[in-house]
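> Structure: final_0.txt, compact mmCIF, C-alpha atoms.
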# COMPACT_ATOMS: atom_id res chain seq x y z
CA MET V 25 -164.77 105.21 120.14
CA LEU V 26 -167.70 102.96 121.00
CA SER V 27 -170.47 102.55 118.46
CA ASP V 28 -174.04 103.43 119.40
CA THR V 29 -174.85 99.72 119.52
CA ASP V 30 -171.94 99.00 121.85
CA ARG V 31 -172.86 101.95 124.04
CA ALA V 32 -176.39 100.58 124.34
CA THR V 33 -175.26 96.97 124.87
CA TYR V 34 -172.74 97.79 127.58
CA GLU V 35 -174.67 100.65 129.17
CA TRP V 36 -174.86 99.01 132.61
CA GLN V 37 -171.35 97.54 132.41
CA LEU V 38 -169.83 100.95 131.62
CA ASP V 39 -170.96 102.04 135.08
CA VAL V 40 -168.57 99.60 136.78
CA PRO V 41 -166.01 101.83 138.52
CA GLY V 42 -162.78 102.01 136.53
CA LEU V 43 -164.11 100.17 133.49
CA GLY V 44 -165.74 102.92 131.44
CA GLU V 45 -165.28 103.47 127.73
CA ASP V 46 -161.51 102.86 127.88
CA GLY V 47 -161.96 99.44 129.44
CA GLN V 48 -164.71 98.55 127.00
CA LEU V 49 -162.52 99.51 124.06
CA LYS V 50 -159.70 97.36 125.45
CA LEU V 51 -162.07 94.40 125.63
CA GLY V 52 -163.24 95.05 122.07
CA ALA V 53 -159.64 95.10 120.85
CA THR V 54 -158.81 91.77 122.53
CA THR V 55 -158.62 88.33 120.97
CA ALA V 56 -159.19 85.71 123.67
CA LEU V 57 -158.40 82.04 123.16
CA VAL V 58 -160.33 79.47 125.20
CA SER V 59 -159.29 75.82 125.31
CA ARG V 60 -161.46 73.78 125.71
CA VAL V 61 -165.14 74.78 125.61
CA GLY V 62 -166.70 72.11 127.85
CA GLY V 63 -168.17 72.53 131.32
CA LEU V 64 -165.64 75.15 132.34
CA GLY V 65 -164.45 76.71 129.07
CA GLY V 66 -167.97 77.00 127.59
CA PRO V 67 -169.45 79.31 130.22
CA LEU V 68 -166.12 81.11 130.51
CA ALA V 69 -166.12 81.85 126.77
CA MET V 70 -169.73 83.03 126.91
CA SER V 71 -168.94 85.46 129.74
CA LEU V 72 -166.00 86.89 127.79
CA VAL V 73 -168.24 87.35 124.75
CA ALA V 74 -171.00 88.95 126.81
CA ALA V 75 -168.46 91.32 128.36
CA GLY V 76 -167.36 92.40 124.89
CA VAL V 77 -164.13 90.75 123.71
CA GLY V 78 -163.82 91.50 120.02
CA ARG V 79 -162.67 88.12 118.79
CA ILE V 80 -162.69 84.69 120.33
CA VAL V 81 -160.76 81.57 119.34
CA LEU V 82 -162.37 78.35 120.56
CA VAL V 83 -160.19 75.23 120.63
CA HIS V 84 -161.73 71.81 121.22
CA GLY V 85 -161.56 68.54 119.33
CA GLY V 86 -164.17 65.82 119.22
CA GLU V 87 -167.92 65.35 119.01
CA LEU V 88 -170.68 66.04 121.51
CA GLN V 89 -171.66 63.07 123.69
CA GLU V 90 -174.65 62.53 125.91
CA SER V 91 -172.51 62.55 129.07
CA ASP V 92 -171.37 66.11 128.23
CA LEU V 93 -174.84 67.54 128.69
CA ASN V 94 -174.81 67.90 132.50
CA ARG V 95 -172.32 70.76 132.20
CA GLN V 96 -171.58 71.86 128.64
CA THR V 97 -174.15 74.60 128.46
CA LEU V 98 -173.25 75.87 124.99
CA MET V 99 -174.48 72.54 123.61
CA SER V 100 -177.90 71.07 122.93
CA ARG V 101 -179.24 67.51 122.95
CA ASP V 102 -180.22 67.64 119.28
CA TRP V 103 -176.55 68.31 118.44
CA LEU V 104 -175.29 64.95 119.76
CA GLY V 105 -172.57 63.64 117.46
CA ARG V 106 -171.70 67.09 116.05
CA SER V 107 -168.37 68.83 116.55
CA ARG V 108 -168.39 70.39 120.03
CA VAL V 109 -166.45 73.44 118.97
CA GLU V 110 -168.79 74.14 116.06
CA CYS V 111 -171.77 73.84 118.41
CA ALA V 112 -170.13 76.29 120.82
CA ALA V 113 -169.35 78.71 117.98
CA GLU V 114 -172.95 78.50 116.76
CA THR V 115 -174.36 79.28 120.22
CA ILE V 116 -172.01 82.23 120.63
CA ALA V 117 -172.76 83.56 117.15
CA ARG V 118 -176.49 83.38 117.88
CA PHE V 119 -175.95 85.27 121.12
CA LYS V 120 -173.77 87.93 119.53
CA PRO V 121 -173.73 87.87 115.71
CA GLU V 122 -171.21 90.71 115.41
CA ILE V 123 -168.39 88.87 117.20
CA GLU V 124 -165.68 87.13 115.19
CA VAL V 125 -165.51 83.47 116.28
CA VAL V 126 -162.70 81.18 115.18
CA ALA V 127 -163.54 77.51 115.83
CA VAL V 128 -160.63 75.06 115.86
CA ASN V 129 -161.75 71.44 115.87
CA GLU V 130 -158.56 70.15 117.52
CA ASN V 131 -157.09 70.03 120.98
CA PHE V 132 -153.78 71.64 121.83
CA ASN V 133 -150.83 69.55 120.67
CA ASP V 134 -147.16 70.02 119.90
CA GLY V 135 -147.95 70.73 116.27
CA ASN V 136 -150.50 73.52 116.72
CA ALA V 137 -149.66 75.12 120.10
CA ALA V 138 -147.40 77.93 118.88
CA GLU V 139 -149.72 78.87 116.02
CA LEU V 140 -152.81 78.91 118.25
CA VAL V 141 -151.24 81.08 120.96
CA GLU V 142 -149.96 83.41 118.26
CA MET V 143 -153.61 84.12 117.31
CA ALA V 144 -154.50 85.44 120.77
CA ASP V 145 -153.76 88.30 123.15
CA ILE V 146 -154.74 86.25 126.19
CA VAL V 147 -155.23 82.52 126.73
CA PHE V 148 -157.84 80.87 128.98
CA ASP V 149 -156.74 77.35 129.80
CA CYS V 150 -159.64 75.04 130.67
CA ALA V 151 -158.24 71.74 129.38
CA PRO V 152 -158.84 68.43 131.17
CA LEU V 153 -155.33 67.11 130.55
CA PHE V 154 -152.10 68.44 132.00
CA GLU V 155 -150.26 67.79 128.75
CA GLU V 156 -152.42 70.43 127.06
CA ARG V 157 -152.11 72.83 129.99
CA PHE V 158 -148.33 72.61 129.92
CA LEU V 159 -148.24 73.26 126.16
CA MET V 160 -150.33 76.42 126.57
CA ASN V 161 -148.17 77.51 129.50
CA ARG V 162 -144.97 76.99 127.52
CA GLU V 163 -146.20 78.92 124.49
CA CYS V 164 -147.60 81.77 126.60
CA VAL V 165 -144.29 82.12 128.46
CA LYS V 166 -142.38 82.07 125.15
CA SER V 167 -144.57 84.76 123.65
CA GLY V 168 -145.02 86.81 126.84
CA LYS V 169 -148.82 86.45 126.77
CA PRO V 170 -150.96 86.16 129.90
CA MET V 171 -152.74 82.91 130.65
CA ILE V 172 -155.60 82.31 133.05
CA ASP V 173 -155.46 78.70 134.22
CA SER V 174 -158.78 77.41 135.57
CA ALA V 175 -159.43 73.88 136.78
CA MET V 176 -161.93 71.97 138.86
CA TYR V 177 -162.49 68.65 140.56
CA SER V 178 -165.74 67.59 142.20
CA LEU V 179 -166.85 70.48 144.44
CA GLN V 180 -163.56 72.37 144.21
CA GLY V 181 -161.85 74.61 141.75
CA GLN V 182 -158.79 76.74 141.35
CA VAL V 183 -157.70 79.66 139.20
CA MET V 184 -154.20 81.00 138.63
CA VAL V 185 -153.28 84.11 136.68
CA ILE V 186 -149.98 83.70 134.87
CA VAL V 187 -148.20 86.78 133.58
CA PRO V 188 -144.83 85.73 132.15
CA GLY V 189 -141.97 87.52 133.86
CA LYS V 190 -144.14 88.60 136.78
CA THR V 191 -145.75 85.52 138.29
CA PRO V 192 -144.85 81.86 138.68
CA CYS V 193 -145.88 79.84 135.64
CA LEU V 194 -147.75 76.54 135.71
CA SER V 195 -144.50 74.57 135.52
CA CYS V 196 -143.11 76.45 138.53
CA ILE V 197 -145.81 74.95 140.74
CA TYR V 198 -146.22 71.64 138.88
CA PRO V 199 -142.77 70.77 137.50
CA GLU V 200 -143.99 67.52 135.94
CA VAL V 201 -147.18 65.90 134.69
CA PRO V 202 -148.97 64.46 137.74
CA GLY V 203 -149.19 60.71 137.34
CA HIS V 204 -152.38 60.29 139.38
CA TRP V 205 -154.64 62.54 137.25
CA ARG V 206 -157.38 60.71 135.36
CA ARG V 207 -159.23 62.04 132.32
CA ARG V 208 -162.60 61.32 133.92
CA PHE V 209 -163.33 63.52 136.93
CA PRO V 210 -166.41 64.12 139.10
CA VAL V 211 -168.28 67.25 137.99
CA ILE V 212 -171.53 69.13 138.58
CA GLY V 213 -172.06 71.77 135.90
CA ALA V 214 -172.80 74.45 138.48
CA VAL V 215 -169.31 74.01 139.96
CA SER V 216 -167.48 74.15 136.62
CA SER V 217 -169.56 77.25 135.72
CA MET V 218 -168.69 78.85 139.05
CA VAL V 219 -164.96 78.30 138.52
CA ALA V 220 -165.37 79.57 134.95
CA GLN V 221 -166.75 82.89 136.17
CA VAL V 222 -163.79 83.42 138.49
CA GLY V 223 -161.40 82.72 135.59
CA ALA V 224 -163.33 84.98 133.20
CA LEU V 225 -163.38 87.81 135.73
CA GLU V 226 -159.66 87.66 136.40
CA GLY V 227 -159.10 87.91 132.65
CA ILE V 228 -161.54 90.80 132.23
CA LYS V 229 -159.88 92.64 135.13
CA LEU V 230 -156.45 92.07 133.59
CA ILE V 231 -157.56 93.29 130.15
CA CYS V 232 -159.40 96.36 131.44
CA GLY V 233 -157.00 97.25 134.24
CA ILE V 234 -159.68 97.25 136.91
CA GLY V 235 -159.81 95.77 140.40
CA GLU V 236 -156.91 93.83 141.84
CA VAL V 237 -155.82 90.88 139.73
CA SER V 238 -154.61 87.93 141.81
CA LEU V 239 -151.01 87.89 140.64
CA GLY V 240 -148.83 85.32 142.39
CA ASP V 241 -151.77 83.66 144.11
CA LEU V 242 -153.65 80.43 143.65
CA ILE V 243 -157.36 81.18 144.02
CA MET V 244 -159.11 78.18 145.56
CA ILE V 245 -162.87 77.75 145.37
CA ASP V 246 -164.56 75.28 147.69
CA ALA V 247 -168.19 74.92 146.62
CA GLY V 248 -168.76 72.28 149.30
CA ARG V 249 -168.15 74.82 152.04
CA MET V 250 -168.91 77.81 149.76
CA GLU V 251 -165.57 79.41 150.54
CA LEU V 252 -163.01 81.20 148.40
CA GLU V 253 -159.46 81.62 149.60
CA LYS V 254 -156.05 82.40 148.18
CA VAL V 255 -152.70 80.74 148.65
CA LYS V 256 -149.71 83.04 148.23
CA LEU V 257 -147.40 81.20 145.83
CA SER V 258 -143.63 81.11 146.21
CA PRO V 259 -141.73 83.45 143.87
CA ARG V 260 -140.91 82.27 140.36
CA ASP V 261 -138.66 79.24 140.28
CA HIS V 262 -135.29 80.28 138.83
CA ASP V 263 -134.72 76.63 137.86
CA CYS V 264 -138.11 76.25 136.14
CA ASP V 265 -137.66 74.51 132.78
CA VAL V 266 -140.19 76.85 131.19
CA CYS V 267 -139.84 80.31 132.72
CA GLY V 268 -136.53 79.99 134.60
CA GLU V 269 -134.67 82.07 132.07
CA LEU V 270 -137.13 84.93 132.55
CA ALA V 271 -136.76 84.62 136.32
CA ARG V 272 -132.97 84.92 136.07
CA ARG V 273 -133.13 88.15 134.03
CA MET Y 19 -148.85 70.71 168.98
CA THR Y 20 -152.30 70.55 167.35
CA ILE Y 21 -152.68 71.73 163.78
CA GLN Y 22 -155.61 71.93 161.39
CA ILE Y 23 -155.03 70.16 158.11
CA HIS Y 24 -157.10 70.59 154.94
CA TYR Y 25 -157.19 67.98 152.18
CA ARG Y 26 -158.01 69.38 148.75
CA GLY Y 27 -159.10 67.66 145.55
CA GLN Y 28 -158.64 63.91 145.41
CA LEU Y 29 -156.95 63.85 148.81
CA ALA Y 30 -160.23 64.47 150.64
CA ALA Y 31 -161.74 61.28 149.20
CA ALA Y 32 -158.53 59.36 149.84
CA MET Y 33 -158.44 60.48 153.49
CA GLY Y 34 -162.20 60.25 154.02
CA VAL Y 35 -162.45 63.80 155.41
CA ASP Y 36 -161.69 67.21 153.92
CA ALA Y 37 -160.24 68.64 157.15
CA GLU Y 38 -159.18 67.45 160.57
CA LYS Y 39 -157.05 68.42 163.53
CA ILE Y 40 -153.93 66.35 164.06
CA GLU Y 41 -151.26 66.20 166.71
CA ILE Y 42 -147.72 66.67 165.48
CA ASP Y 43 -144.36 66.99 167.14
CA HIS Y 44 -143.26 70.59 166.73
CA HIS Y 45 -139.89 69.32 165.49
CA SER Y 46 -141.56 67.40 162.64
CA SER Y 47 -140.60 68.27 159.07
CA MET Y 48 -143.26 68.50 156.38
CA SER Y 49 -141.87 65.31 154.83
CA ALA Y 50 -142.33 63.44 158.12
CA ILE Y 51 -145.88 64.79 158.51
CA LEU Y 52 -146.77 63.62 154.99
CA GLN Y 53 -145.23 60.20 155.56
CA ASP Y 54 -147.27 59.78 158.77
CA LEU Y 55 -150.46 60.85 157.01
CA ALA Y 56 -149.76 58.45 154.13
CA LYS Y 57 -149.37 55.56 156.58
CA LYS Y 58 -152.71 56.43 158.15
CA ALA Y 59 -154.63 56.99 154.91
CA GLY Y 60 -153.36 54.19 152.69
CA PRO Y 61 -152.08 53.74 149.15
CA GLU Y 62 -154.42 56.07 147.25
CA PHE Y 63 -153.39 59.03 149.40
CA SER Y 64 -149.77 57.92 149.48
CA ASN Y 65 -149.59 57.67 145.68
CA ILE Y 66 -150.66 61.31 145.31
CA VAL Y 67 -148.37 62.81 147.94
CA LEU Y 68 -145.27 60.57 147.92
CA ASP Y 69 -143.12 59.01 145.23
CA ASP Y 70 -141.91 55.41 145.30
CA GLU Y 71 -139.03 56.42 147.59
CA GLY Y 72 -141.41 58.01 150.11
CA VAL Y 73 -140.31 61.53 149.13
CA PRO Y 74 -143.00 64.24 148.72
CA ARG Y 75 -143.94 64.63 145.08
CA ARG Y 76 -142.93 67.85 143.34
CA THR Y 77 -146.46 68.17 142.01
CA LEU Y 78 -148.03 68.48 145.47
CA LEU Y 79 -148.58 72.08 146.50
CA ILE Y 80 -148.45 72.67 150.24
CA ALA Y 81 -149.51 75.82 152.04
CA VAL Y 82 -148.97 76.71 155.67
CA ASP Y 83 -151.24 79.47 156.91
CA GLY Y 84 -152.07 80.51 153.34
CA GLU Y 85 -148.51 80.60 151.96
CA GLN Y 86 -146.88 77.99 149.76
CA VAL Y 87 -143.93 76.21 151.34
CA ALA Y 88 -141.21 74.74 149.18
CA ASP Y 89 -138.83 73.35 151.79
CA TYR Y 90 -140.21 70.06 153.06
CA ASP Y 91 -137.25 69.26 155.29
CA SER Y 92 -137.52 72.15 157.72
CA CYS Y 93 -139.70 72.13 160.83
CA LEU Y 94 -142.99 73.96 160.80
CA ALA Y 95 -142.76 77.55 161.97
CA PRO Y 96 -143.70 77.91 165.63
CA GLY Y 97 -147.28 79.12 165.87
CA ALA Y 98 -148.34 77.61 162.53
CA ASN Y 99 -152.08 77.00 162.56
CA GLU Y 100 -153.02 75.13 159.44
CA ILE Y 101 -151.60 73.09 156.59
CA THR Y 102 -153.37 72.77 153.22
CA LEU Y 103 -152.43 69.94 150.89
CA ILE Y 104 -153.32 70.80 147.29
CA PRO Y 105 -152.87 68.10 144.65
CA PRO Y 106 -152.94 69.18 141.01
CA ILE Y 107 -156.39 69.16 139.39
CA SER Y 108 -157.24 69.60 135.74
CA GLY Y 109 -160.98 69.22 135.31
CA GLY Y 110 -162.26 71.52 132.63
How does the structure come out when it is put into structure tokens?

Amino acid sequence: MLSDTDRATYEWQLDVPGLGEDGQLKLGATTALVSRVGGLGGPLAMSLVAAGVGRIVLVHGGELQESDLNRQTLMSRDWLGRSRVECAAETIARFKPEIEVVAVNENFNDGNAAELVEMADIVFDCAPLFEERFLMNRECVKSGKPMIDSAMYSLQGQVMVIVPGKTPCLSCIYPEVPGHWRRRFPVIGAVSSMVAQVGALEGIKLICGIGEVSLGDLIMIDAGRMELEKVKLSPRDHDCDVCGELARR
Amino acid sequence: MTIQIHYRGQLAAAMGVDAEKIEIDHHSSMSAILQDLAKKAGPEFSNIVLDDEGVPRRTLLIAVDGEQVADYDSCLAPGANEITLIPPISGG
């Protein structure tokens, strides 16, 4: 049952058709993991917290730099040099003191991937490197947990909802690490925030069971033309190194 | 036949436009279309869509009329209107 504080906080949100008290309780019972918390993951995490997830795990290594400040809206100039993830956790805790925030000052790697995914009910992948994305994908498929993969480049973005056993996984559509991808990419904060909101919403819909989650689609956002379209993905790849075994069942 | 082609992500910069109409032979396979485009656009484009043997990379996602295609050796379906070339992106 919702507390009086929750009922007051989410009063307007509870009016969203299909969400109601049941949906709000599902959000409150959810632990969401967001990696990383930069231009895309930061606003995504904040929207999940505002919507009412009960616990959030933030994963991001490294310290805040000046060139982060055009897009990393959980940060502040006077925090330059501090741990990014601790800054993000502090901003979120100030916004909503009652939420449990777990801040992990590391990026996803082979050594921590299984343990991190184990902490969550749902994973939001916002990492700038494919190596990290593939690790999250692999661990989510292994543990049967949903993953919302959100990415951007310049004025474009894309979001893919991965539900192991139901949808293609990241390795089905990208069977290997793309050699051309570079760590530095063109970004306006408004675009990464826009893509973040699409990713957050797909996750909220999936958790609450509302709306129509884009399963088996790649959602493409073109901020240059201000268009959103979907590509219907091929069925799961039975030969996929990561989820092929599930596809053959 | 004339077909609309959309270049996503890094391919738009490599081609210099994000969309254009091109003329293709209706017997052309997707591989042949990509090889022709790579010749026109140059090495940056070619490096994203083709491997060193000139074969389409497995990391390139291609959609025809909003649906992913996996077979690059078959001809385009008659009546196809648009191709979208979607390279992997990972900005976060």
> Report as a list in words the set of chain V residues whose atoms approach chain Y to within 6 Å, with distances computed over all atoms listed in the file.
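Residues passing the distance filter: Leu64, Cys150, Ala151, Pro152, Ala175, Met176, Tyr177, Tyr198, Val255, Lys256, Leu257 and Ser258 of chain V.
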> Have a look at CA of Ile21 in chain Y and CA of Gly97 in chain Y and let me know their distance in Å, one decimal.
9.4 Å
> Go through V:Ile80, V:Met184, V:Ile245, V:Leu159 one by one, measure the shortest atom-to-atom distance of each to Ile116 in chain V using only C-alpha atoms, and give the residue with the smallest value.
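Counting only C-alpha atoms, the residue closest to Ile116 in chain V is V:Ile80.
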> Please indicate the distance in Å from CA of Ile243 in chain V to CA of Ser178 in chain V, rounded to one decimal place.
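Between CA of Ile243 in chain V and CA of Ser178 in chain V the gap works out to 16.1 Å.
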> Near Val165 in chain V, within 9 Å and counting all atoms listed in the file, which residues show up once chain neighbours fewer than 3 positions away are dropped, as a JSON list (two decimals) with C-alpha atoms, in the frame of the given file?

[["chain", "number", "residue", "atom", "x", "y", "z"],
["V", 160, "MET", "CA", -150.33, 76.42, 126.57],
["V", 161, "ASN", "CA", -148.17, 77.51, 129.50],
["V", 162, "ARG", "CA", -144.97, 76.99, 127.52],
["V", 168, "GLY", "CA", -145.02, 86.81, 126.84],
["V", 169, "LYS", "CA", -148.82, 86.45, 126.77],
["V", 170, "PRO", "CA", -150.96, 86.16, 129.90],
["V", 171, "MET", "CA", -152.74, 82.91, 130.65],
["V", 186, "ILE", "CA", -149.98, 83.70, 134.87],
["V", 187, "VAL", "CA", -148.20, 86.78, 133.58],
["V", 188, "PRO", "CA", -144.83, 85.73, 132.15],
["V", 189, "GLY", "CA", -141.97, 87.52, 133.86],
["V", 193, "CYS", "CA", -145.88, 79.84, 135.64],
["V", 266, "VAL", "CA", -140.19, 76.85, 131.19],
["V", 267, "CYS", "CA", -139.84, 80.31, 132.72],
["V", 270, "LEU", "CA", -137.13, 84.93, 132.55]]
> State, in Å with one decimal place, the distance from CA of Met70 in chain V to CA of Ile197 in chain V.
28.8 Å
